[in-house]
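Raw data29.cif, mmCIF, C-alpha atoms:
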data_query
#
loop_
_atom_site.group_PDB
_atom_site.id
_atom_site.type_symbol
_atom_site.label_atom_id
_atom_site.label_comp_id
_atom_site.auth_asym_id
_atom_site.auth_seq_id
_atom_site.Cartn_x
_atom_site.Cartn_y
_atom_site.Cartn_z
ATOM 1 C CA MET A 1260 -113.474 50.931 37.370
ATOM 2 C CA LYS A 1261 -111.417 51.323 40.518
ATOM 3 C CA LYS A 1262 -112.622 49.426 43.555
ATOM 4 C CA LEU A 1263 -111.585 48.451 47.057
ATOM 5 C CA LEU A 1264 -112.351 44.916 48.188
ATOM 6 C CA PHE A 1265 -112.644 44.599 51.962
ATOM 7 C CA PHE A 1266 -112.095 40.998 53.075
ATOM 8 C CA HIS A 1267 -113.507 40.223 56.512
ATOM 9 C CA ALA A 1268 -115.392 37.587 58.500
ATOM 10 C CA SER A 1269 -118.428 38.110 60.707
ATOM 11 C CA TRP A 1270 -116.756 36.343 63.666
ATOM 12 C CA CYS A 1271 -113.564 38.490 63.467
ATOM 13 C CA PRO A 1272 -113.286 41.293 66.099
ATOM 14 C CA PRO A 1273 -110.332 42.990 64.313
ATOM 15 C CA CYS A 1274 -112.450 43.051 61.141
ATOM 16 C CA ARG A 1275 -115.248 44.908 62.908
ATOM 17 C CA PHE A 1276 -112.722 47.406 64.293
ATOM 18 C CA TYR A 1277 -111.116 47.853 60.861
ATOM 19 C CA GLU A 1278 -114.488 48.414 59.240
ATOM 20 C CA LYS A 1279 -115.407 51.085 61.777
ATOM 21 C CA GLN A 1280 -112.015 52.835 61.662
ATOM 22 C CA PHE A 1281 -111.184 52.624 57.957
ATOM 23 C CA ILE A 1282 -113.935 51.296 55.677
ATOM 24 C CA THR A 1283 -116.897 53.365 56.899
ATOM 25 C CA PRO A 1284 -114.926 56.667 56.835
ATOM 26 C CA LEU A 1285 -113.619 55.751 53.375
ATOM 27 C CA GLU A 1286 -117.189 55.175 52.166
ATOM 28 C CA ASP A 1287 -118.144 58.595 53.527
ATOM 29 C CA LEU A 1288 -115.245 60.227 51.688
ATOM 30 C CA ALA A 1289 -115.145 58.319 48.380
ATOM 31 C CA GLY A 1290 -118.625 56.842 48.134
ATOM 32 C CA PRO A 1291 -120.013 53.359 48.790
ATOM 33 C CA GLU A 1292 -119.972 52.460 45.083
ATOM 34 C CA TYR A 1293 -116.172 52.042 45.285
ATOM 35 C CA ILE A 1294 -116.202 49.500 48.114
ATOM 36 C CA GLU A 1295 -117.149 45.842 48.054
ATOM 37 C CA ARG A 1296 -117.339 43.896 51.300
ATOM 38 C CA VAL A 1297 -116.372 40.240 50.922
ATOM 39 C CA ASP A 1298 -116.939 37.760 53.726
ATOM 40 C CA ALA A 1299 -113.883 35.561 53.211
ATOM 41 C CA TRP A 1300 -115.465 32.826 55.313
ATOM 42 C CA LYS A 1301 -118.498 32.613 53.019
ATOM 43 C CA PHE A 1302 -116.606 33.234 49.753
ATOM 44 C CA PRO A 1303 -113.231 31.512 50.184
ATOM 45 C CA GLN A 1304 -112.736 31.201 46.418
ATOM 46 C CA LYS A 1305 -112.665 35.001 46.088
ATOM 47 C CA ALA A 1306 -110.180 35.283 48.975
ATOM 48 C CA GLU A 1307 -108.004 32.629 47.323
ATOM 49 C CA LYS A 1308 -108.121 34.492 44.000
ATOM 50 C CA TYR A 1309 -106.458 37.481 45.683
ATOM 51 C CA MET A 1310 -104.226 35.345 47.934
ATOM 52 C CA ILE A 1311 -105.826 36.629 51.129
ATOM 53 C CA ASP A 1312 -104.509 34.649 54.087
ATOM 54 C CA ARG A 1313 -105.102 37.167 56.904
ATOM 55 C CA LEU A 1314 -108.100 39.196 57.959
ATOM 56 C CA PRO A 1315 -108.984 41.976 57.728
ATOM 57 C CA ALA A 1316 -107.464 42.750 54.330
ATOM 58 C CA VAL A 1317 -108.069 45.192 51.523
ATOM 59 C CA VAL A 1318 -107.330 44.916 47.824
ATOM 60 C CA LEU A 1319 -107.266 47.952 45.554
ATOM 61 C CA LEU A 1320 -108.258 47.086 42.009
ATOM 62 C CA ASP A 1321 -108.104 49.081 38.811
ATOM 63 C CA GLY A 1322 -110.289 46.937 36.594
ATOM 64 C CA GLU A 1323 -108.702 43.509 36.972
ATOM 65 C CA THR A 1324 -105.254 44.890 37.855
ATOM 66 C CA ILE A 1325 -104.238 44.649 41.509
ATOM 67 C CA HIS A 1326 -102.854 47.979 42.675
ATOM 68 C CA MET A 1327 -102.300 47.045 46.339
ATOM 69 C CA ILE A 1328 -103.018 44.309 48.878
ATOM 70 C CA ARG A 1329 -102.797 45.331 52.509
ATOM 71 C CA THR A 1330 -103.618 43.835 55.895
ATOM 72 C CA GLY A 1331 -102.816 46.940 57.925
ATOM 73 C CA ALA A 1332 -103.908 50.529 58.135
ATOM 74 C CA ILE A 1333 -104.675 52.520 55.012
ATOM 75 C CA ASP A 1334 -104.389 56.260 54.375
ATOM 76 C CA ILE A 1335 -108.082 57.073 53.976
ATOM 77 C CA PRO A 1336 -107.710 60.403 52.102
ATOM 78 C CA LYS A 1337 -105.105 58.956 49.704
ATOM 79 C CA VAL A 1338 -107.158 55.842 48.976
ATOM 80 C CA ALA A 1339 -110.318 57.933 48.459
ATOM 81 C CA GLU A 1340 -108.412 60.191 46.053
ATOM 82 C CA TRP A 1341 -107.079 57.186 44.136
ATOM 83 C CA LEU A 1342 -110.501 55.519 43.952
ATOM 84 C CA LYS A 1343 -112.138 58.674 42.591
ATOM 85 C CA GLY A 1344 -109.301 59.187 40.117
ATOM 86 C CA GLU A 1345 -108.238 62.562 41.467
#
Please go through the file and, once you have read it, give me the structure as structure tokens.
Amino acid sequence: MKKLLFFHASWCPPCRFYEKQFITPLEDLAGPEYIERVDAWKFPQKAEKYMIDRLPAVVLLDGETIHMIRTGAIDIPKVAEWLKGE
């Protein structure tokens, strides 16, 4: 299953901005079942697994295969289309 992992931290102002600008609209477009929020501060082992060293960050997964890792803006319609397999 395709999934987007959103790595953030509760104390991170850019993470809150990113969530509001990108993650919430993406959930509205693709559906919340495709998005997993990961607090990198609470789950550092998961962040290390995907080599996350900056926040906020997103990882697009197709099963266990990494499709993309990004710390900047994402194209919401394109990512939603990819997640839904369209």
Using all atoms listed in the file, which residues sit within 9 Å of Phe1281 in chain A once same-chain residues fewer than 5 positions away are excluded, as a CSV table (one decimal) with C-alpha atoms, keeping the file's coordinate frame?
chain,number,residue,atom,x,y,z
A,1276,PHE,CA,-112.7,47.4,64.3
A,1286,GLU,CA,-117.2,55.2,52.2
A,1332,ALA,CA,-103.9,50.5,58.1
A,1333,ILE,CA,-104.7,52.5,55.0
A,1334,ASP,CA,-104.4,56.3,54.4
A,1335,ILE,CA,-108.1,57.1,54.0
### Closest of A:Pro1336, A:Gly1290, A:Gly1322, A:Pro1303 to Ala1268 in chain A - atom-to-atom distances counting all atoms listed in the file
A:Pro1303
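Contact shell of Phe1266 in chain A at 8 Å (only C-alpha atoms; same-chain neighbours under 2 positions omitted): Leu1264, Ala1268, Arg1296, Val1297, Asp1298, Ala1299, Ala1306, Ile1311, Leu1314, Pro1315, Ala1316 and Val1317 of chain A.
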Next, the residues of the selection above should be written as a compact mmCIF listing (two decimals), in the coordinates of the input with C-alpha atoms.
# COMPACT_ATOMS: atom_id res chain seq x y z
CA LEU A 1264 -112.35 44.92 48.19
CA ALA A 1268 -115.39 37.59 58.50
CA ARG A 1296 -117.34 43.90 51.30
CA VAL A 1297 -116.37 40.24 50.92
CA ASP A 1298 -116.94 37.76 53.73
CA ALA A 1299 -113.88 35.56 53.21
CA ALA A 1306 -110.18 35.28 48.98
CA ILE A 1311 -105.83 36.63 51.13
CA LEU A 1314 -108.10 39.20 57.96
CA PRO A 1315 -108.98 41.98 57.73
CA ALA A 1316 -107.46 42.75 54.33
CA VAL A 1317 -108.07 45.19 51.52
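In this comparison, which uses only C-alpha atoms, the residue of A:Glu1323, A:Ile1328, A:Val1338, A:Lys1305 approaching Ile1282 in chain A most closely is A:Val1338.
Between CA of Lys1343 in chain A and CA of Cys1274 in chain A lies a distance of 24.3 Å.
With only C-alpha atoms as the atoms that count, the residue of A:Lys1337, A:Lys1262, A:His1267, A:Arg1329 with the shortest distance to Phe1302 in chain A is A:His1267.
Counting from CA of Ala1339 in chain A, the distance to CA of Lys1308 in chain A is 24.0 Å.
For the pair CA of Lys1261 in chain A and CA of Arg1313 in chain A, the separation is 22.6 Å.
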### Task
Find the residue from A:Met1260, A:Phe1265, A:Trp1300, A:Leu1319 that sits nearest to Thr1283 in chain A; use all atoms listed in the file when measuring.
A:Phe1265
